[in-house]
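Reviewing the structure listed below.
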Amino acid sequence: MGNGFAYTIMALWPLFAVYWYKTKSIQIATLWTILGGFMFLPVKTVVDFPMVPALGKHTIPIVSALIGCWLIKRQHILYFKGLDGIKLLAVLLIVVPFISAFLNDDVLIFGGLILPKITYYDGLSAVIKQFLFVVPFFIGRQLFKSYDCQLLMFRMLVIAGLFYSLLMLFEIRMSPQLHTWIYGYFPHTFGQQIRQGGFRPVVFIGHGLEVAFFTVMVLIASVLLWKNNVKIKNLAPRVVSFYFLALLVMCKSVASLSYGVFALLLIKFTKPKTQHQLALLLVTLGMLYPTMSIIKIFPHQALVNVAESIDANRAQSLQFRFNNEEKLLEHARERFYFGWGGWGRNRIYDEKTGKDISVTDGTWIIVFGQSGIFGFVALFGLLFLSVHRSYVASRSAEGGAETSLLAGHALLVGIIMIDQLPNSSLAPWLWMLAGGLLGRSEEIIQQAKVKIITSNVLK
């Protein structure tokens, strides 16, 4: 539990949002509300009411954004309109928790541990939680579909990163203390933030790995602005990009550094078509990963060997993750289609003591274990189809800055999806970035159709 200030800032966040929606454009207000909540609200401090998901860092900003859009800007978020094939995935997201509840009406007993059956009440609560989780995707789709709004999204992300970098540099030098000083407790295991004789920054995000991935997203955004010759507050985008690259090195995360260097080189030195193809490859790999793991054709051991050639500790950590993943996957296959539901039923327990002996790191195995293959396809399919739709849209884009930004955006979403295999970083603001890609792609496709119709009429 946090201190009094932690609960105060959570209670005030909707009021901050109201002020932003009254004084800023809907796009800027939404970015500040959702992204700002991720950056500054306390981790794991929640207010838990019956039926609805616990109100905290990942829910209060979303509810605040919905209130701002509906009541202040008078703009309703359209969830199903114009979705075409994606509508099926949206429906699955709502239906799967109910089916999962129906199929998990048994009590599980492990030694002295009793896990209750899943009720329809639990199913309804899971639907609400699932809805709030992906709402930013539909917000992004609706609010950031023009080129100017897409560019604004990346400019605001870079500005936020520049400010946050000051707090990160402080913790890199002084150790991660800000969350403890401000909110009264440390949000994770302190020992995991000590690396290479120094510290990973945590700030108010919760873990050094999440901060590193946030920095990856900011770095990609700055490189996209550099590619399109867009300044950030009179700062040269090239200088800003190298600044974030140096900051990423100091975050001491091999995976995130690899993402950042990979994206920088691709965006700066390859054609948009190549970037789109690689983005498609990444999301396809993400969609096929469960199947590849089940039939044992994914090169897990090869990745461990590569990691060992770089750092023995990182290789050991990766091997530990893969071992846990294999056990959890074997458990998940027992209820392959709709999963085990909530209450920790997707985890593994000692048969005699009831002790939890599993570690769930990746988003994919959490979703697969709780909601089965249908839940996995519904959730990850939104990311996959966003990138696929952007690839289709790229054929109709006008070229130059528009095509470059669209391709880099697709690559960014591809990296978001691939990071969900080893990690669980899929926060609401990342859903908003993915939704923005879909909205921009749909807008380009629609404009191309209008041009064709207009051309045919004039003929």
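The chains in the structure tokens are called A, B, ... from first to last as shown; in each chain the residues are counted from 1, and the ligands are counted from 1 in the order shown.
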### Picked from range 268-380 of chain A by DSSP as alpha helix (DSSP H), as a PyMOL selection string
chain A and resi 268-269+272-294+300-310+312-332+363-380
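Near range 425-431 of chain A, within 7 Å and counting only C-alpha atoms, sit Ile34, Leu35, His58, Phe133, Val134, Pro136, Phe137, Glu210 and Gln420 of chain A; same-chain residues fewer than 5 positions away were not included.
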Output file for the selection above: C-alpha atoms, as a compact mmCIF listing (two decimals), in the first residue's frame:
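Listed below is the output, part.txt:
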# COMPACT_ATOMS: atom_id res chain seq x y z
CA ILE A 34 -2.84 8.07 -20.47
CA LEU A 35 0.91 8.39 -20.99
CA HIS A 58 -3.45 1.28 -15.49
CA PHE A 133 -7.25 -2.82 -21.11
CA VAL A 134 -7.84 -2.35 -24.85
CA PRO A 136 -6.70 2.93 -25.54
CA PHE A 137 -6.35 0.95 -28.78
CA GLU A 210 9.90 -1.43 -18.22
CA GLN A 420 5.50 -9.60 -25.14
### Task
Go through range 51-168 of chain A and collect every residue that DSSP, computed from the backbone, puts in strand (DSSP E or B); the answer should be as number ranges by chain.
A: 55, 108-110, 113-115
### Message
Set the distance at 12 Å and use only C-alpha atoms: which residues neighbour Trp70 in chain A once local chain neighbours fewer than 5 positions away are removed? I'd like the list as a PyMOL selection string.
### Response
chain A and resi 18+21+26+30+63-65+75-78+139
### Query
Just how far from CA of Phe102 in chain A is CA of Ser424 in chain A, in Å to one decimal?
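Going from CA of Ser424 in chain A over to CA of Phe102 in chain A covers 27.0 Å.
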### Query
Which polymer residues have any atom within 9 Å of an atom of Gly36 in chain A, counting only C-alpha atoms, with same-chain residues fewer than 5 positions away left out, as a PyMOL selection string?
chain A and resi 31+41+61+160
### Query
So, counting only C-alpha atoms, which residue among A:Leu265, A:Cys69, A:Pro290, A:Leu257 is closest to Leu143 in chain A?
A:Cys69
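For the residues A:Pro299, A:Gly56, A:Gly414, A:Gly342, ranking by smallest atom-to-atom distance to Val127 in chain A using only C-alpha atoms places A:Gly342 first.
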#### Entry: Contacts of Lys117 in chain A at 12 Å (only C-alpha atoms; same-chain gap of 2+ positions) as a list in words
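Near neighbours after the sequence-gap exclusion: Ser100, Ala101, Phe102, Leu103, Asn104, Asp105, Asp106, Val107, Leu108, Ile109, Ile114, Leu115, Thr119, Tyr120, Tyr121, Asp122, Gly123, Trp340, Gly341, Gly342, Trp343, Gly344 and Arg345 of chain A.
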Since we have the selection now, will you write its residues out, keeping C-alpha atoms, as a PDB file, in the first residue's frame?
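Printed below is result.pdb as written:
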ATOM      1  CA  SER A 100     -13.813 -19.415 -19.796  1.00  0.00           C
ATOM      2  CA  ALA A 101     -15.964 -18.896 -16.692  1.00  0.00           C
ATOM      3  CA  PHE A 102     -18.447 -21.531 -17.907  1.00  0.00           C
ATOM      4  CA  LEU A 103     -15.683 -24.088 -18.492  1.00  0.00           C
ATOM      5  CA  ASN A 104     -13.868 -23.449 -15.190  1.00  0.00           C
ATOM      6  CA  ASP A 105     -16.612 -24.243 -12.675  1.00  0.00           C
ATOM      7  CA  ASP A 106     -14.400 -26.670 -10.738  1.00  0.00           C
ATOM      8  CA  VAL A 107     -12.474 -26.050  -7.517  1.00  0.00           C
ATOM      9  CA  LEU A 108      -8.720 -26.757  -7.628  1.00  0.00           C
ATOM     10  CA  ILE A 109      -6.958 -28.086  -4.518  1.00  0.00           C
ATOM     11  CA  ILE A 114      -7.874 -24.006  -2.557  1.00  0.00           C
ATOM     12  CA  LEU A 115      -8.495 -22.098  -5.786  1.00  0.00           C
ATOM     13  CA  THR A 119     -18.284 -17.709 -11.647  1.00  0.00           C
ATOM     14  CA  TYR A 120     -20.206 -15.634 -14.156  1.00  0.00           C
ATOM     15  CA  TYR A 121     -19.615 -12.730 -11.803  1.00  0.00           C
ATOM     16  CA  ASP A 122     -15.881 -13.305 -12.314  1.00  0.00           C
ATOM     17  CA  GLY A 123     -16.481 -13.567 -16.045  1.00  0.00           C
ATOM     18  CA  TRP A 340      -7.994 -21.568 -16.868  1.00  0.00           C
ATOM     19  CA  GLY A 341      -9.540 -18.180 -16.055  1.00  0.00           C
ATOM     20  CA  GLY A 342      -8.435 -16.041 -13.114  1.00  0.00           C
ATOM     21  CA  TRP A 343      -7.663 -16.592  -9.413  1.00  0.00           C
ATOM     22  CA  GLY A 344      -4.154 -17.761 -10.363  1.00  0.00           C
ATOM     23  CA  ARG A 345      -5.478 -21.004 -11.850  1.00  0.00           C
TER      24      ARG A 345
END
### Task
Go through A:Asn228, A:Cys251, A:Ala29, A:Leu55 one by one, measure the shortest atom-to-atom distance of each to Gly399 in chain A using only C-alpha atoms, and give the residue with the smallest value.
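Of A:Asn228, A:Cys251, A:Ala29, A:Leu55, the one nearest Gly399 in chain A, counting only C-alpha atoms, is A:Asn228.
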### Task
State, in Å with one decimal place, the distance from CA of Ala307 in chain A to CA of Arg200 in chain A.
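Going from CA of Ala307 in chain A over to CA of Arg200 in chain A, I get 19.8 Å.
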### Query
Smallest atom-to-atom distance to Leu385 in chain A: which of A:Leu280, A:Ile297, A:Met153, A:Leu93, using only C-alpha atoms?
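Ranked by minimum distance to Leu385 in chain A, first place goes to A:Leu280.
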### Task
Excluding Leu92 in chain A and residues on its chain fewer than 4 positions from it, collect all residues at most 8 Å away from it, counting only C-alpha atoms, and give them as a ChimeraX atom specification.
/A:88,96,374-375,378
Next, the residues of the selection above should be written as an mmCIF file, in the first residue's frame with C-alpha atoms.
data_model
loop_
_atom_site.group_PDB
_atom_site.id
_atom_site.type_symbol
_atom_site.label_atom_id
_atom_site.label_comp_id
_atom_site.auth_asym_id
_atom_site.auth_seq_id
_atom_site.Cartn_x
_atom_site.Cartn_y
_atom_site.Cartn_z
ATOM 1 C CA LEU A 88 -14.410 -10.508 -34.899
ATOM 2 C CA VAL A 96 -13.943 -15.426 -24.229
ATOM 3 C CA PHE A 374 -8.900 -17.867 -28.570
ATOM 4 C CA GLY A 375 -8.036 -15.198 -26.017
ATOM 5 C CA ALA A 378 -8.101 -11.981 -30.005
#
#### Entry: Residues within 9 Å of Val216 in chain A, only C-alpha atoms, excluding chain neighbours under 2 positions, as a list in words
Val211, Ala212, Phe213, Phe214, Val218, Leu219, Ile220, Ala221, Phe244, Leu245, Leu248, Ser256, Leu257, Tyr259, Gly260 and Ala263 of chain A
Please tabulate, as a Markdown table, the residues of range 34-140 of chain A that come within 10 Å of range 174-185 of chain A, each with its closest pair of atoms and the distance in Å to one decimal, counting only C-alpha atoms and ordering rows by chain, then residue number upward.
| residue | atom | partner | partner_atom | distance |
| --- | --- | --- | --- | --- |
| A:Phe40 | CA | A:His179 | CA | 9.3 |
| A:Leu41 | CA | A:Tyr183 | CA | 9.3 |
| A:Pro42 | CA | A:Tyr183 | CA | 6.7 |
| A:Val43 | CA | A:His179 | CA | 8.5 |
| A:Thr45 | CA | A:Tyr183 | CA | 9.3 |
